[in-house]
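Trainee: Here you go, this is query-v1.txt (compact mmCIF, C-alpha atoms).
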```txt
# COMPACT_ATOMS: atom_id res chain seq x y z
CA ASP P 1 114.79 123.74 97.04
CA VAL P 2 114.91 126.67 94.68
CA THR P 3 112.15 128.92 95.95
CA GLU P 4 111.81 131.34 93.07
CA CYS P 5 113.22 131.96 89.60
CA ARG P 6 112.79 134.91 87.29
CA ALA P 7 113.54 134.97 83.59
CA LEU P 8 115.80 137.83 82.60
CA GLY P 9 115.72 138.28 78.86
CA ARG P 10 115.45 135.13 76.78
CA GLN P 11 118.34 133.02 78.05
CA VAL P 12 119.27 134.18 81.53
CA VAL P 13 117.60 132.75 84.62
CA GLU P 14 118.14 134.09 88.14
CA PHE P 15 117.55 131.79 91.11
CA ALA P 16 116.65 132.98 94.56
CA GLU P 17 118.85 131.94 97.44
CA GLY P 18 118.25 128.43 98.69
CA ASP P 19 119.49 124.90 98.37
CA GLU P 20 119.90 124.27 94.66
CA ARG P 21 121.37 120.78 95.08
CA PRO P 22 118.18 118.85 94.21
CA LEU P 23 117.92 120.73 90.91
CA LEU P 24 121.61 120.21 90.13
CA GLU P 25 121.37 116.52 91.01
CA ARG P 26 118.38 116.14 88.71
CA VAL P 27 120.22 117.85 85.85
CA ASP P 28 123.27 115.64 86.44
CA MET P 29 121.12 112.49 86.50
CA GLU P 30 119.33 113.54 83.31
CA GLN P 31 122.64 114.09 81.51
CA ARG P 32 123.99 110.77 82.78
CA LEU P 33 120.84 108.97 81.69
CA ARG P 34 120.77 110.53 78.23
CA ARG P 35 124.46 109.66 77.68
CA ALA P 36 123.88 106.06 78.73
CA ILE P 37 120.92 105.68 76.39
CA ALA P 38 122.71 107.34 73.47
CA GLY P 39 125.84 105.25 74.04
CA ARG P 40 123.87 102.06 74.69
CA GLU P 41 125.61 101.82 78.06
CA LEU P 42 122.72 100.83 80.31
CA VAL P 43 123.68 97.87 82.50
CA CYS P 44 121.44 94.81 82.59
CA LEU P 45 121.64 92.31 85.44
CA PHE P 46 119.87 88.96 85.62
CA GLN P 47 118.11 87.62 88.71
CA PRO P 48 117.35 83.89 88.68
CA THR P 49 114.03 82.25 89.47
CA VAL P 50 113.77 78.70 90.78
CA ALA P 51 111.06 76.04 90.62
CA THR P 52 109.93 74.98 94.09
CA GLY P 53 109.35 71.41 92.98
CA THR P 54 112.88 70.72 91.72
CA GLY P 55 115.07 73.59 92.93
CA HIS P 56 116.27 74.10 89.37
CA VAL P 57 116.88 77.55 87.90
CA VAL P 58 114.12 78.01 85.34
CA GLY P 59 114.13 81.70 84.54
CA ALA P 60 115.75 85.11 84.76
CA GLU P 61 114.38 88.60 85.22
CA VAL P 62 116.34 91.35 83.49
CA LEU P 63 116.89 94.36 85.75
CA VAL P 64 118.34 97.64 84.50
CA ARG P 65 120.97 99.76 86.25
CA LEU P 66 122.80 102.99 85.47
CA ARG P 67 126.55 103.18 86.03
CA GLY P 68 127.88 106.03 88.16
CA ASP P 69 131.15 107.92 87.68
CA ASP P 70 132.84 105.74 90.31
CA GLY P 71 131.73 102.53 88.60
CA SER P 72 128.96 101.80 91.09
CA LEU P 73 125.52 100.77 89.85
CA ILE P 74 122.68 103.21 90.44
CA PRO P 75 119.40 101.44 91.35
CA PRO P 76 116.33 101.93 89.14
CA GLY P 77 114.39 103.83 91.77
CA SER P 78 116.92 106.64 91.43
CA PHE P 79 116.50 107.20 87.70
CA LEU P 80 113.38 105.49 86.29
CA PRO P 81 110.92 108.07 87.69
CA LEU P 82 113.02 110.77 86.00
CA ALA P 83 113.13 108.72 82.79
CA ALA P 84 109.34 108.53 82.87
CA ASP P 85 109.09 112.31 83.30
CA LEU P 86 111.44 112.81 80.34
CA GLY P 87 109.65 110.34 78.08
CA LEU P 88 112.65 108.01 77.94
CA MET P 89 111.04 104.79 79.15
CA GLY P 90 110.55 103.48 75.63
CA ASP P 91 114.26 103.92 74.84
CA ILE P 92 115.24 102.13 78.04
CA THR P 93 112.77 99.32 77.42
CA LEU P 94 114.16 98.69 73.94
CA GLN P 95 117.72 98.40 75.22
CA VAL P 96 116.64 96.02 77.97
CA LEU P 97 114.63 94.00 75.46
CA GLU P 98 117.66 93.64 73.21
CA GLN P 99 119.84 92.33 76.03
CA ALA P 100 117.05 90.03 77.21
CA CYS P 101 116.80 88.50 73.73
CA ARG P 102 120.58 88.12 73.46
CA ALA P 103 120.68 86.31 76.80
CA ALA P 104 117.78 84.02 75.86
CA ALA P 105 119.42 83.15 72.52
CA ALA P 106 122.76 82.41 74.20
CA TRP P 107 121.17 80.14 76.82
CA ILE P 108 119.21 78.28 74.17
CA ALA P 109 122.40 77.79 72.12
CA ALA P 110 124.10 76.39 75.25
CA GLY P 111 121.24 73.94 75.82
CA HIS P 112 119.65 75.70 78.81
CA ASP P 113 115.88 76.06 79.15
CA ILE P 114 115.72 79.54 80.73
CA ARG P 115 112.65 81.78 80.42
CA VAL P 116 113.67 85.44 80.30
CA ALA P 117 111.42 88.17 81.72
CA PHE P 118 111.74 91.89 81.09
CA ASN P 119 109.75 94.81 82.45
CA VAL P 120 107.63 97.01 80.24
CA PRO P 121 105.88 100.23 81.35
CA PRO P 122 102.17 99.74 80.55
CA THR P 123 101.87 103.36 79.41
CA TRP P 124 104.32 102.56 76.58
CA LEU P 125 102.36 99.57 75.34
CA SER P 126 100.45 99.81 72.09
CA ASP P 127 100.01 97.79 68.91
CA ALA P 128 103.14 99.49 67.56
CA SER P 129 105.31 98.71 70.59
CA ALA P 130 104.01 95.13 70.68
CA ALA P 131 105.12 94.76 67.06
CA ILE P 132 108.58 96.08 68.00
CA ILE P 133 108.86 93.58 70.85
CA GLU P 134 107.80 90.72 68.61
CA ALA P 135 110.24 91.72 65.86
CA GLU P 136 113.16 91.88 68.31
CA ILE P 137 112.39 88.43 69.72
CA GLU P 138 111.94 86.95 66.26
CA GLY P 139 115.11 88.63 65.01
CA HIS P 140 117.16 86.84 67.67
CA GLY P 141 115.60 83.51 66.80
CA VAL P 142 114.12 83.05 70.27
CA PRO P 143 110.91 81.01 70.64
CA TRP P 144 108.01 83.15 71.83
CA SER P 145 107.50 80.89 74.85
CA HIS P 146 110.98 81.71 76.19
CA MET P 147 110.11 85.38 76.73
CA THR P 148 107.95 87.01 79.39
CA VAL P 149 106.69 90.60 79.43
CA GLU P 150 106.28 91.88 83.00
CA VAL P 151 103.88 94.70 83.82
CA THR P 152 102.68 95.96 87.19
CA GLU P 153 99.15 95.24 88.34
CA GLU P 154 98.32 98.86 89.14
CA GLY P 155 99.94 100.22 85.97
CA THR P 156 98.11 97.76 83.76
CA LEU P 157 94.72 98.52 85.27
CA SER P 158 95.20 102.26 84.76
CA ALA P 159 96.92 102.15 81.34
CA GLY P 160 93.76 101.75 79.29
CA PRO P 161 92.54 99.48 76.52
CA ALA P 162 95.54 99.99 74.20
CA ALA P 163 97.90 98.36 76.71
CA LEU P 164 95.50 95.48 77.36
CA GLN P 165 95.09 94.90 73.63
CA ALA P 166 98.87 94.86 73.13
CA LEU P 167 99.30 92.30 75.90
CA GLU P 168 96.59 90.11 74.43
CA HIS P 169 98.24 90.32 71.02
CA MET P 170 101.58 89.18 72.42
CA ARG P 171 99.94 86.37 74.37
CA ALA P 172 98.31 85.19 71.15
CA ARG P 173 101.81 84.92 69.70
CA GLY P 174 102.89 82.76 72.62
CA ILE P 175 104.81 85.36 74.60
CA HIS P 176 104.08 85.05 78.32
CA VAL P 177 102.71 87.98 80.30
CA ALA P 178 103.38 88.35 84.02
CA ILE P 179 101.59 90.68 86.42
CA ASP P 180 104.15 92.08 88.85
CA ASP P 181 103.57 93.34 92.42
CA PHE P 182 100.28 91.46 92.78
CA GLY P 183 98.39 92.53 95.88
CA THR P 184 99.53 96.16 95.76
CA GLY P 185 97.17 97.41 93.05
CA TYR P 186 93.91 96.63 94.84
CA ALA P 187 92.31 95.07 91.79
CA GLY P 188 88.78 93.83 92.23
CA LEU P 189 88.08 90.22 91.35
CA ASP P 190 86.44 91.17 88.07
CA SER P 191 89.42 93.32 87.07
CA PHE P 192 91.88 90.63 88.13
CA ARG P 193 90.03 88.01 86.11
CA SER P 194 90.26 90.16 83.00
CA LEU P 195 93.98 90.87 83.28
CA PRO P 196 95.70 89.36 80.21
CA ALA P 197 98.32 87.32 82.05
CA ASP P 198 99.74 83.83 82.31
CA ILE P 199 101.82 84.45 85.45
CA VAL P 200 101.13 86.44 88.61
CA LYS P 201 103.97 87.54 90.89
CA ILE P 202 103.09 87.88 94.57
CA ASP P 203 104.63 91.04 95.98
CA MET P 204 107.53 90.62 98.37
CA THR P 205 105.74 92.47 101.17
CA PHE P 206 103.36 89.52 101.58
CA VAL P 207 106.19 86.99 101.40
CA SER P 208 108.27 88.78 104.04
CA ASP P 209 105.31 88.76 106.48
CA MET P 210 104.20 85.24 105.63
CA LEU P 211 105.79 83.47 108.62
CA ARG P 212 104.81 86.01 111.27
CA THR P 213 101.33 84.70 112.03
CA PRO P 214 98.95 81.98 110.81
CA GLU P 215 96.81 84.77 109.33
CA ASP P 216 99.70 86.09 107.22
CA ARG P 217 100.42 82.60 105.94
CA GLU P 218 96.75 82.05 105.14
CA LEU P 219 96.69 85.31 103.19
CA VAL P 220 99.49 84.06 100.91
CA ARG P 221 97.74 80.70 100.57
CA SER P 222 94.56 82.49 99.49
CA MET P 223 96.47 84.55 96.93
CA ILE P 224 98.06 81.44 95.43
CA ASP P 225 94.70 79.65 95.33
CA LEU P 226 93.09 82.65 93.62
CA ILE P 227 95.85 82.79 91.02
CA HIS P 228 95.43 79.10 90.26
CA ARG P 229 91.63 79.30 90.08
CA PHE P 230 91.95 81.82 87.28
CA GLY P 231 94.28 79.49 85.38
CA LYS P 232 97.50 81.39 86.02
CA LYS P 233 100.86 80.33 87.50
CA SER P 234 102.26 81.89 90.67
CA VAL P 235 105.70 83.36 91.40
CA ALA P 236 106.69 84.60 94.86
CA GLU P 237 109.08 87.56 95.08
CA GLY P 238 111.49 88.47 97.86
CA VAL P 239 112.22 84.94 99.13
CA GLU P 240 115.16 85.17 101.53
CA SER P 241 115.04 82.00 103.66
CA MET P 242 114.75 78.25 103.17
CA GLU P 243 111.73 78.26 105.47
CA GLN P 244 109.93 80.67 103.16
CA PHE P 245 110.95 78.56 100.15
CA GLN P 246 109.64 75.35 101.73
CA VAL P 247 106.35 76.89 102.91
CA LEU P 248 105.70 78.42 99.50
CA GLY P 249 106.25 75.00 97.92
CA GLU P 250 103.78 73.49 100.38
CA LEU P 251 101.24 76.19 99.50
CA GLY P 252 101.53 75.35 95.81
CA CYS P 253 103.58 78.29 94.55
CA GLU P 254 105.43 77.08 91.44
CA VAL P 255 108.36 79.49 91.23
CA VAL P 256 110.25 81.78 93.62
CA GLN P 257 112.62 84.71 93.24
CA GLY P 258 114.74 86.52 95.81
CA TYR P 259 118.10 86.73 97.54
CA LEU P 260 117.86 83.10 98.71
CA VAL P 261 117.94 82.09 95.06
CA GLY P 262 120.34 84.78 93.86
CA ARG P 263 120.91 88.50 93.67
CA PRO P 264 120.84 90.32 90.33
CA MET P 265 124.10 89.46 88.56
CA PRO P 266 125.94 89.87 85.25
CA PHE P 267 125.09 87.46 82.45
CA ASP P 268 128.41 85.61 82.68
CA GLU P 269 127.81 84.84 86.37
CA PHE P 270 124.28 83.54 85.90
CA PRO P 271 123.87 79.91 87.08
CA ALA P 272 122.09 78.52 84.01
CA GLY P 273 121.58 74.82 84.64
CA GLY P 274 122.07 75.33 88.38
CA ARG P 275 119.97 74.44 91.38
CA LEU P 276 119.08 76.18 94.62
CA GLY P 277 122.23 76.30 96.72
CA GLN P 278 124.39 76.69 93.63
CA SER P 279 122.67 79.84 92.31
CA ARG P 280 123.58 82.55 94.83
CA ALA P 281 125.66 85.43 93.54
CA GLN P 282 128.41 86.89 95.65
CA GLY P 283 127.85 90.19 97.41
```
Let's see the structure in the file written out as structure tokens.
Mentor:
Amino acid sequence: DVTECRALGRQVVEFAEGDERPLLERVDMEQRLRRAIAGRELVCLFQPTVATGTGHVVGAEVLVRLRGDDGSLIPPGSFLPLAADLGLMGDITLQVLEQACRAAAAWIAAGHDIRVAFNVPPTWLSDASAAIIEAEIEGHGVPWSHMTVEVTEEGTLSAGPAALQALEHMRARGIHVAIDDFGTGYAGLDSFRSLPADIVKIDMTFVSDMLRTPEDRELVRSMIDLIHRFGKKSVAEGVESMEQFQVLGELGCEVVQGYLVGRPMPFDEFPAGGRLGQSRAQG
């Protein structure tokens, strides 16, 4: 890392000797990110979700990527923390929202009943941003019930009353709210009960361990039971095997998501109207 810098005059900066690559990589990523936002070039992929009862594809989560110089797709973990530092999460969210609404409208026009979920940073949520989300959905002619706002458990609990009020407002409209990464935010029962959500997504870490021991399986069962007791629907993330899929169905989990069902894929490859076994993307 750069160990020391000293301003010389108003515009010249001198760096001490050291490895400057992290700084240069950050600058390069910032420039790439700003260009993609300005040019509306962010890439959105769609990962299917499947109902355990029927095996039918019932939904899609929109996942954002950044395209590299070589055409490869840069994962969100490599640029979203920087985007948050730069105050760009709102701009990214709006572009993802637009593509989510376009996809939902296209599937509805084709006769497919696909619920589309998109991620929203809780710190961005307010009455004003909720109004923007609602206007975008309405402008595309998409029924409220076909759209789901996803927020993380931990982020929602720490975001404050403005975010909770915005989520409640959207729920009153009929937009679904999903709590992502459930089990990682350490919410107390009282906090969990008060979360304004219709859907709770069980984090993949619990799903991946579920078949190791009877205790791990019982933990997932307890989570599903808790979700249902509070009147919410359950989704399991990170499902990679048929055994996991079958056990989750036996435990009462309604919907699953993961590589067994399909990897994130372009819109034109999405298996709308498909079933488990027909929905896996290549690669």
Trainee: Just want the 6 Å neighbourhood of stretch 248-257 of chain P, counted on all atoms listed in the file, with same-chain residues fewer than 6 positions away dropped. Output as a list in words.
Mentor: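 Once the nearby chain positions are removed, what remains is Thr49, Val50, Ala51, Thr52, Arg221, Ser234, Val235, Ala236, Glu237 and Val239 of chain P.
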Trainee: Extract, using all atoms listed in the file, all DNA, RNA and protein residues at most 12 Å from P:Ala128, discarding same-chain residues fewer than 4 positions from it, and format them as an NGL selection string.
Mentor: :P and (90 or 124 or 132-135 or 162-163 or 165-167 or 169-170)
Trainee: Neighbouring residues of stretch 209-212 of chain P were defined as those with any atom within 8 Å, considering all atoms listed in the file; residues of the same chain fewer than 6 positions away were excluded. Please report them as a list of chain:residue names.
Mentor: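 Answer for this query is P:Leu219, P:Val220, P:Gln244.
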Trainee: Let's have the selection written as a short mmCIF file (atom, residue, chain, number, x, y, z; two decimals), in the frame of the given file, with C-alpha atoms.
Mentor:
```cif
data_model
loop_
_atom_site.label_atom_id
_atom_site.label_comp_id
_atom_site.auth_asym_id
_atom_site.auth_seq_id
_atom_site.Cartn_x
_atom_site.Cartn_y
_atom_site.Cartn_z
CA LEU P 219 96.69 85.31 103.19
CA VAL P 220 99.49 84.06 100.91
CA GLN P 244 109.93 80.67 103.16
#
```
Trainee: Counting only C-alpha atoms, which of P:Ala159, P:Val247, P:Leu195, P:Val96 gets nearest to P:Arg171?
Mentor: P:Leu195
Trainee: Can you tell me how far atom CA of P:Asp70 sits from atom CA of P:Pro264, in Å to one decimal?
Mentor: 19.5 Å
Trainee: Could you work out how far atom CA of P:Phe46 lies from atom CA of P:Val261, giving the answer in Å with one decimal?
Mentor: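 Interatomic distance, atom CA of P:Val261 to atom CA of P:Phe46: 11.8 Å.
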Trainee: Report as an MDAnalysis selection string all protein, DNA and RNA residues lying within 10 Å of stretch 64-68 of chain P, evaluated on only C-alpha atoms, omitting residues in the same chain fewer than 3 positions from it.
Mentor: chainID P and resid 29 32:33 36:37 41:46 61 71:80 92:93 95:96 118:119 264
Trainee: Enter the distance from atom CA of P:Ala106 to atom CA of P:Ile202, in Å, rounded to one decimal.
Mentor: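 Rounded to one decimal, the two atoms are 28.8 Å apart.
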Trainee: If we count all atoms listed in the file, what is near stretch 109-112 of chain P at a cut-off of 9 Å, once residues fewer than 2 positions away on the same chain are taken out, given as an MDAnalysis selection string?
Mentor: chainID P and resid 58 104:107 114 272:273
Trainee: Counting all atoms listed in the file, which of P:Thr54, P:Leu157, P:Thr148, P:Arg217 gets nearest to P:Thr123?
Mentor: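 Closest candidate: P:Leu157.
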Trainee: Here is a test: counting all atoms listed in the file, which residue of P:Asp181, P:Glu138, P:Glu218, P:Asp91 is nearest to P:Thr156?
Mentor: P:Asp181
Trainee: Using all atoms listed in the file, pick whichever of P:Val177, P:Leu86, P:Leu164, P:Ile137 has the shortest atom-to-atom distance to P:Arg102.
Mentor: P:Ile137
Trainee: Taking all atoms listed in the file into account, which of P:Met204, P:Ala117, P:Ala38, P:Val27 comes nearest P:Glu240?
Mentor: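 Among P:Met204, P:Ala117, P:Ala38, P:Val27, it is P:Met204 that comes nearest to P:Glu240.
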